[in-house]
Structure formats: C-alpha cells, structure tokens
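Down below is the structure, laid out as structure tokens.
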Amino acid sequence: MPVTLEDILAARKRIGDRVYHSPCVRSTHLSALLDANAYVKLDNLQQTGSFKERGACNRLRQLTDDEKRRGVICASAGNHAQAVAYHGRKLDINVTVVMPKWAPLVKVSNCRGYGANVILHGEAFDDARARALELAAADDRVFLPPFDDERIIAGAGTLALEILDDVPQTDAIFIPTGGGGLLAGMSVAVKTLKPSIDLYSVESVSAPTLHASLQAGCVTRVATKPSLADGLGVAEFGKLCFEIVKDKLRRVVLVDEPQIASAILRLLEVEKTLVEGAGAIALAGAIDAKEEIRGKTVVLVLCGGNIDVTVLSRIIERGLREDGRLCRVVVQISDRPGSLAQLLTTIASAGASIKEVSHDRNFGPSDVAQVAVSVVMETQGFDHIERVRDTLGAAGFQAT
C-alpha cells in the first residue's frame, strides 16, 4: 500500500500544532431525519474553511530547504489553493496558485488575501492544472497536486483518526468525493483500525469520476458539468487514490443538484452551519442511503464551507423548492376587473404566502379574454401544495 497507517500517524504528529482538530458532534435533527445516530464532522471550521489544510500542511512541511527557496505552485478550484496559500505564508514559502476562471470569487479573494500570486486560467480544473505544470517547469517551482500524492493523502487521512477518537462506535462514514485524496486517506486509516466501518463515497452526478472508474475497472475520464459541488468537479479520479480505495467501499452514492441544494439548506437551518456543496453532499448521500443506515451510528464529513454568498440566495431558493416550501402556480383567469384579486384571495385562504405575481397579457393564452398569471408562493411542504391545488380547483381555477 503506497500510504500506510504509519504515514497518517506521522502526518498527525507533523501538522498537529497547525491544523485544527475539528469537532465531531451529534445532531439531534439529522438523527431524526435519518432514523440513525448521526454525527457531523465539522471540518468546514478549519482556518481556510476546508479539510484541504491537512494534506497541504503535511506536504509543505516536508519540503527541503532548496524546494522552499524555489517556491511552490498548485492548481485548484479553490480549497486546495487556499490551504497551500495559507500554510505557505506561515512557512514563509512563495506560493502561486492557478485556478479556473469560474472559481468562486470568495476562494480567489481568500487566496490573494493569504499572499499568493493567483492566476486564473481555463474553463475547468484540468485547464488550470495543465497551466500550473507548464509554469512549474518554466519557473523551477515545486508542483503540489491537490489529491494524487502520498503526502497529501496521508494528511487527509488524519481526519479519520479524529473521527475514530471522538466517535469510536461509528458504523458508517459518508465522504464527499472528487479526485479522491480525502477518501483514500480516510479509507486507509479506517480500514486498518476498524475494518467493520462501512465507507460511503458520495459523488455528484455532474462529476461521477469514481463511479465510472469502478464500473470500468480502471481510472476513467468523464465529462464534467457545472455543479453546486464545484470543489468536486474533476474529470479524472486520482490513479494512486483509485488503487487505494477500489476494494474498501460499501458503495458510491450519486446525488443530483436538487439534493445538494436541499442539503445545504437543511444544514444551514438545523445545524446553523454554512457548508458548501462539496461538503453538504455527504448529507445528501446519507439521505439517499437512509434505508441502509437505519439505527446505525453514522458520521457525515462536512469537508468545506467556502460558499460564494452571491449564489447563496439562489441555492436557498432551490433548496426551498426541493423541500416543497417554494412553489410556482400558473393559472389562466378572465381578463376582467376583480379576477386577479379573486385568485390571490383563494390562494391566501389556503394558507400560502404570496411572494411574487406576474400578470401577462402579451404572451398569454390564445383567447384574448384570458390572461396567464404566474404566482410564486411560500408553502409548508408538498401536502400543503396539494391543499392549495384542491382549493384552487374548488374555486374553479385550473392551475399548473
């Protein structure tokens, strides 16, 4: 095995004074939701907001004096870049990071705030990685890969040691998965110390790199799509990571965008913690696997909290829609005075809170005596939506 428990134990000793031992706390709300004994590992509380500090710090602290003098360069969608920038500054190492052009603004801004030279290049992580490798060769810098590196993996594995220390009765762990560094490091630690624990890898359907690789029996490149879990958007699983994890998992859980949005919203509401899509995906996976974990002690790894506030409101509204707490109804009504008031009164009588009304004469039904009205309303769930529909039908409105 290219990474051993001894490597992970050494990494914990090496980074222990620089990386936060984050809490792993029981959630009453999530336990009820999952019908299980649910804990959340809050690694979104790290200084740079993600678990990436573990691997970055472990790798940087093993650089030679000559490598430190030459400086380092990395490619990242954001979290690895922030971790390298932050710990590089602490160790007085010059850092350059290459990020895709679409990288969240908060992550770009944080990297610059930590003193790194930030280069935005390409539309995807692979474009940024290719450019970083070019610059590493041209400038004689040390390239720090985000996941497929023994020392990065060993550092990430320290997260599992903390879970086993804090929740020794753990039966299952849900781990967000992109390139595989976190999954690989945790799987080595867990399966060496307590092989009975079930490990669930959780991926977005927009970047199912491990799922595709396991089906093919080898690392397979996939076409990625934009996702709320932007930190997991890599096209190819790490080859070293794949060799480590391929026989250590209970299964891979794939979740879609509405599930991720709903998980972000639920963690914000019930856990009072802001988690980015790449971290909240662990909860989405646990909800999907609810029948398998019923009655068990499970840990959800909330591995990152760097979410761009400019898109947070949109994510919240999507999460509300997925939970049945935001609904849009389209109704054709007569274009006569009082018709709109009657419609809105009927909706209000069903207990829905009207948020937005669009009254369209120009692009309405073919019957010029009719208009289309779109109403966005806040509801209490899917049962409430059905009651609103029934109330509208009883009043003579045909709604979709």
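Scheme for the structure tokens: letters A, B, ... for chains in order shown; per-chain residue numbers from 1; ligand numbers from 1 in order shown.
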Determine, using only C-alpha atoms, which residues of range 65-112 of chain A have any atom at most 7 Å from an atom of range 141-154 of chain A, and tabulate each with its shortest atom pair and distance in Å to one decimal place, rows ordered by chain and then rising number, as CSV.
```
residue,atom,partner,partner_atom,distance
A:Glu67,CA,A:Val142,CA,6.6
A:Arg70,CA,A:Arg141,CA,5.5
A:Gly71,CA,A:Arg141,CA,5.4
A:Val72,CA,A:Val142,CA,4.5
A:Ile73,CA,A:Phe143,CA,5.0
A:Cys74,CA,A:Leu144,CA,5.1
A:Ser76,CA,A:Pro146,CA,6.8
A:His80,CA,A:Pro146,CA,6.0
```
Env of range 209-217 of chain A: 10 Å cut, atoms = only C-alpha atoms, seq-sep filter 2 positions within chain, self excluded. Answer as a short mmCIF file (atom, residue, chain, number, x, y, z; two decimals) with C-alpha atoms, in the first residue's frame.
```
data_model
loop_
_atom_site.label_atom_id
_atom_site.label_comp_id
_atom_site.auth_asym_id
_atom_site.auth_seq_id
_atom_site.Cartn_x
_atom_site.Cartn_y
_atom_site.Cartn_z
CA THR A 177 -15.50 12.53 -3.29
CA GLY A 178 -13.84 14.42 -6.12
CA GLY A 179 -10.27 13.49 -7.01
CA GLY A 180 -10.12 11.00 -4.15
CA SER A 201 -18.27 7.66 -1.23
CA VAL A 202 -20.65 10.45 -2.27
CA GLU A 203 -20.31 11.99 -5.74
CA SER A 204 -22.28 14.46 -7.81
CA VAL A 205 -23.92 13.13 -10.96
CA SER A 206 -22.20 16.08 -12.64
CA ALA A 207 -18.76 14.55 -12.00
CA VAL A 219 -9.43 5.14 -13.87
CA THR A 220 -11.80 6.56 -16.48
CA ARG A 221 -12.10 10.14 -17.62
CA VAL A 222 -15.60 11.68 -17.54
CA ALA A 223 -17.16 14.83 -18.94
CA THR A 224 -17.98 17.09 -16.02
CA LEU A 232 -15.57 18.02 -6.56
CA GLY A 233 -15.66 18.85 -10.26
CA VAL A 234 -12.66 16.86 -11.52
CA ALA A 235 -12.76 14.83 -14.70
CA GLU A 236 -10.42 12.05 -13.62
CA PHE A 237 -10.06 10.26 -10.30
CA GLY A 238 -6.54 10.05 -8.92
CA LYS A 239 -4.75 6.90 -10.09
CA CYS A 241 -6.25 7.13 -4.94
CA PHE A 242 -8.09 4.57 -7.06
CA VAL A 245 -9.98 2.79 -2.42
CA LYS A 246 -11.22 0.37 -5.09
CA ASP A 247 -11.82 -2.51 -2.66
CA ARG A 251 -20.68 1.73 -2.35
CA VAL A 252 -20.68 5.01 -4.24
CA VAL A 253 -23.78 7.19 -3.83
CA LEU A 254 -24.61 9.58 -6.68
#
```
Discussion item. DSSP on the backbone, strand (DSSP E or B) only: what residues of range 6-191 of chain A does that give? Format it as number ranges by chain.
Written reply: A: 24-26, 37-42, 50, 72-75, 95-99, 117-120, 142-143, 172-176
Output of the above residues as a PDB file, in the first residue's frame, restricted to C-alpha atoms:
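Contents of result.pdb, as written:
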```
ATOM      1  CA  CYS A  24     -17.471  15.779  15.548  1.00  0.00           C
ATOM      2  CA  VAL A  25     -20.818  16.377  17.208  1.00  0.00           C
ATOM      3  CA  ARG A  26     -24.110  14.526  17.401  1.00  0.00           C
ATOM      4  CA  ASN A  37     -27.425   8.133  15.364  1.00  0.00           C
ATOM      5  CA  ALA A  38     -25.944  10.917  13.217  1.00  0.00           C
ATOM      6  CA  TYR A  39     -22.774  12.910  13.830  1.00  0.00           C
ATOM      7  CA  VAL A  40     -21.307  15.724  11.742  1.00  0.00           C
ATOM      8  CA  LYS A  41     -17.539  16.199  11.357  1.00  0.00           C
ATOM      9  CA  LEU A  42     -17.205  19.979  11.081  1.00  0.00           C
ATOM     10  CA  SER A  50     -11.901  23.008   4.349  1.00  0.00           C
ATOM     11  CA  VAL A  72       5.568  26.116  -4.927  1.00  0.00           C
ATOM     12  CA  ILE A  73       2.704  26.159  -7.405  1.00  0.00           C
ATOM     13  CA  CYS A  74      -0.627  24.360  -7.374  1.00  0.00           C
ATOM     14  CA  ALA A  75      -3.847  24.073  -9.371  1.00  0.00           C
ATOM     15  CA  VAL A  95       3.095  30.386  -3.468  1.00  0.00           C
ATOM     16  CA  THR A  96       1.480  30.651  -6.900  1.00  0.00           C
ATOM     17  CA  VAL A  97      -1.957  29.161  -7.499  1.00  0.00           C
ATOM     18  CA  VAL A  98      -3.705  28.567 -10.818  1.00  0.00           C
ATOM     19  CA  MET A  99      -7.500  28.484 -10.667  1.00  0.00           C
ATOM     20  CA  ASN A 117       0.011  35.018  -6.654  1.00  0.00           C
ATOM     21  CA  VAL A 118      -3.289  33.998  -8.282  1.00  0.00           C
ATOM     22  CA  ILE A 119      -3.555  33.119 -11.960  1.00  0.00           C
ATOM     23  CA  LEU A 120      -7.000  32.483 -13.478  1.00  0.00           C
ATOM     24  CA  VAL A 142       7.572  22.546  -6.909  1.00  0.00           C
ATOM     25  CA  PHE A 143       4.136  21.433  -8.100  1.00  0.00           C
ATOM     26  CA  ALA A 172     -20.610   4.181   8.691  1.00  0.00           C
ATOM     27  CA  ILE A 173     -18.982   7.308   7.282  1.00  0.00           C
ATOM     28  CA  PHE A 174     -20.161   9.377   4.309  1.00  0.00           C
ATOM     29  CA  ILE A 175     -17.250  11.011   2.498  1.00  0.00           C
ATOM     30  CA  PRO A 176     -17.521  13.636  -0.274  1.00  0.00           C
TER      31      PRO A 176
END
```
Discussion item. Write out as JSON, numbers by chain the set of residues from range 128-319 of chain A that DSSP, computed on the backbone, places in helix (DSSP H, G or I).
Written reply: {"A": [128, 129, 130, 131, 132, 133, 134, 135, 136, 137, 138, 139, 150, 151, 152, 153, 154, 155, 156, 157, 158, 159, 160, 161, 162, 163, 164, 165, 166, 181, 182, 183, 184, 185, 186, 187, 188, 189, 190, 191, 192, 193, 209, 210, 211, 212, 213, 214, 215, 216, 230, 231, 232, 239, 240, 241, 242, 243, 244, 245, 257, 258, 259, 260, 261, 262, 263, 264, 265, 266, 267, 268, 269, 270, 277, 278, 279, 280, 281, 282, 283, 284, 285, 286, 287, 288, 290, 291, 292, 293, 309, 310, 311, 312, 313, 314, 315, 316, 317, 318, 319]}
Now that the selection is made, can you save its residues with C-alpha atoms as a short mmCIF file (atom, residue, chain, number, x, y, z; two decimals), in the first residue's frame?
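Output file selection33.cif follows:
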```
data_model
loop_
_atom_site.label_atom_id
_atom_site.label_comp_id
_atom_site.auth_asym_id
_atom_site.auth_seq_id
_atom_site.Cartn_x
_atom_site.Cartn_y
_atom_site.Cartn_z
CA ALA A 128 -5.69 25.10 -14.68
CA ARG A 129 -3.65 22.00 -13.85
CA ALA A 130 -2.04 21.90 -17.28
CA ARG A 131 -1.06 25.58 -16.98
CA ALA A 132 0.33 25.07 -13.47
CA LEU A 133 2.53 22.21 -14.69
CA GLU A 134 3.83 24.41 -17.52
CA LEU A 135 4.70 27.20 -15.10
CA ALA A 136 6.28 24.78 -12.63
CA ALA A 137 8.67 23.57 -15.33
CA ALA A 138 9.39 27.07 -16.63
CA ASP A 139 9.97 28.66 -13.20
CA GLU A 150 1.15 10.15 -0.92
CA ARG A 151 1.81 13.03 1.46
CA ILE A 152 -1.41 14.83 0.55
CA ILE A 153 -3.37 11.60 1.09
CA ALA A 154 -1.67 10.92 4.41
CA GLY A 155 -2.52 14.40 5.64
CA ALA A 156 -6.16 14.00 4.63
CA GLY A 157 -6.29 10.69 6.48
CA THR A 158 -5.79 12.48 9.81
CA LEU A 159 -9.46 13.45 9.63
CA ALA A 160 -10.40 9.79 10.06
CA LEU A 161 -8.17 9.45 13.13
CA GLU A 162 -10.09 12.29 14.77
CA ILE A 163 -13.45 10.66 13.98
CA LEU A 164 -12.33 7.35 15.48
CA ASP A 165 -11.05 9.15 18.58
CA ASP A 166 -14.25 11.16 19.06
CA GLY A 181 -7.47 12.29 -1.73
CA LEU A 182 -9.78 12.52 1.27
CA LEU A 183 -11.47 9.21 0.50
CA ALA A 184 -8.12 7.45 0.05
CA GLY A 185 -6.56 8.78 3.24
CA MET A 186 -9.63 8.07 5.34
CA SER A 187 -10.08 4.58 3.90
CA VAL A 188 -6.52 3.59 4.85
CA ALA A 189 -6.95 4.79 8.42
CA VAL A 190 -10.45 3.39 8.92
CA LYS A 191 -9.96 0.00 7.30
CA THR A 192 -6.69 -0.52 9.19
CA LEU A 193 -8.01 0.46 12.61
CA THR A 209 -15.38 10.07 -11.64
CA LEU A 210 -15.07 7.23 -9.13
CA HIS A 211 -18.39 5.66 -10.09
CA ALA A 212 -17.33 5.48 -13.74
CA SER A 213 -13.87 4.18 -12.84
CA LEU A 214 -15.19 1.39 -10.64
CA GLN A 215 -17.58 0.31 -13.39
CA ALA A 216 -14.73 0.23 -15.91
CA ASP A 230 -17.81 22.81 -7.58
CA GLY A 231 -14.96 21.59 -5.38
CA LEU A 232 -15.57 18.02 -6.56
CA LYS A 239 -4.75 6.90 -10.09
CA LEU A 240 -2.99 6.43 -6.77
CA CYS A 241 -6.25 7.13 -4.94
CA PHE A 242 -8.09 4.57 -7.06
CA GLU A 243 -5.65 1.80 -6.20
CA ILE A 244 -6.17 2.56 -2.53
CA VAL A 245 -9.98 2.79 -2.42
CA GLU A 257 -28.24 19.17 -7.92
CA PRO A 258 -31.64 19.48 -6.16
CA GLN A 259 -30.44 17.02 -3.49
CA ILE A 260 -27.27 19.07 -2.93
CA ALA A 261 -29.23 22.34 -2.71
CA SER A 262 -31.63 20.80 -0.21
CA ALA A 263 -28.72 19.51 1.91
CA ILE A 264 -27.08 22.96 2.01
CA LEU A 265 -30.36 24.49 3.14
CA ARG A 266 -31.03 21.82 5.77
CA LEU A 267 -27.57 22.18 7.32
CA LEU A 268 -27.98 25.95 7.37
CA GLU A 269 -31.36 25.68 9.08
CA VAL A 270 -30.98 22.84 11.55
CA GLY A 277 -21.98 21.98 -1.93
CA ALA A 278 -18.85 19.81 -1.87
CA GLY A 279 -19.34 19.35 1.89
CA ALA A 280 -23.13 19.19 2.08
CA ILE A 281 -23.08 16.35 -0.44
CA ALA A 282 -22.32 13.99 2.47
CA LEU A 283 -25.76 14.68 3.93
CA ALA A 284 -27.39 14.28 0.53
CA GLY A 285 -25.74 10.87 0.22
CA ALA A 286 -26.85 9.79 3.69
CA ILE A 287 -30.46 10.74 2.94
CA ASP A 288 -30.25 8.70 -0.28
CA LYS A 290 -31.32 6.11 4.58
CA GLU A 291 -32.69 2.57 4.48
CA GLU A 292 -29.18 1.08 4.71
CA ILE A 293 -28.10 3.07 7.77
CA VAL A 309 -22.53 34.44 -0.91
CA THR A 310 -23.53 35.84 -4.30
CA VAL A 311 -25.09 32.47 -5.19
CA LEU A 312 -26.25 31.52 -1.70
CA SER A 313 -29.70 33.10 -2.11
CA ARG A 314 -30.26 31.11 -5.31
CA ILE A 315 -29.17 27.93 -3.59
CA ILE A 316 -31.55 28.60 -0.70
CA GLU A 317 -34.48 29.12 -3.07
CA ARG A 318 -33.67 25.92 -4.93
CA GLY A 319 -33.50 24.08 -1.64
#
```
Worksheet item: Of the candidates A:Thr4, A:Ser227, A:Ser358, A:Thr346, which one gets nearest to Ser374 in chain A if we count only C-alpha atoms?
Response: A:Ser358
Worksheet entry | Pick from A:Ser334, A:Asp323, A:Gly55, A:Thr400 nearest to Ile8 in chain A, counting only C-alpha atoms | A:Gly55
Item to complete: Please provide the set of residues having any atom within 10 Å of Asn110 in chain A, restricted to only C-alpha atoms, with same-chain residues fewer than 2 positions apart removed, written as a ChimeraX atom specification.
Response: /A:48,78-79,81-83,85-86,105-108,112-116,306
Worksheet entry | Of the listed residues A:Glu6, A:Asp43, A:Asp140, A:Asp171, that which approaches Tyr200 in chain A most closely, counting only C-alpha atoms | A:Asp171
Fill in: Distance query range 368-372 of chain A at most 6 Å, only C-alpha atoms, self and fewer than 4 positions along chain excluded, as a PyMOL selection string
chain A and resi 331-335+360-361+364
Please produce an output containing C-alpha atoms for each residue in the selection, written as a PDB file, in the first residue's frame.
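Output file selection29.pdb is given in full below:
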```
ATOM      1  CA  VAL A 331     -53.385  29.947 -13.751  1.00  0.00           C
ATOM      2  CA  GLN A 332     -55.471  31.235 -16.655  1.00  0.00           C
ATOM      3  CA  ILE A 333     -58.017  33.773 -15.490  1.00  0.00           C
ATOM      4  CA  SER A 334     -60.551  36.050 -17.128  1.00  0.00           C
ATOM      5  CA  ASP A 335     -59.195  39.471 -18.077  1.00  0.00           C
ATOM      6  CA  ASP A 360     -49.085  38.519 -18.512  1.00  0.00           C
ATOM      7  CA  ARG A 361     -51.435  39.900 -21.179  1.00  0.00           C
ATOM      8  CA  GLY A 364     -50.936  34.716 -22.539  1.00  0.00           C
TER       9      GLY A 364
END
```
Fill in: Selected residue, from A:Asp383, A:Asp127, A:Glu53, A:Glu356, that lies nearest to Cys303 in chain A when counting only C-alpha atoms
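Of all the options, A:Glu53 lies closest to Cys303 in chain A.
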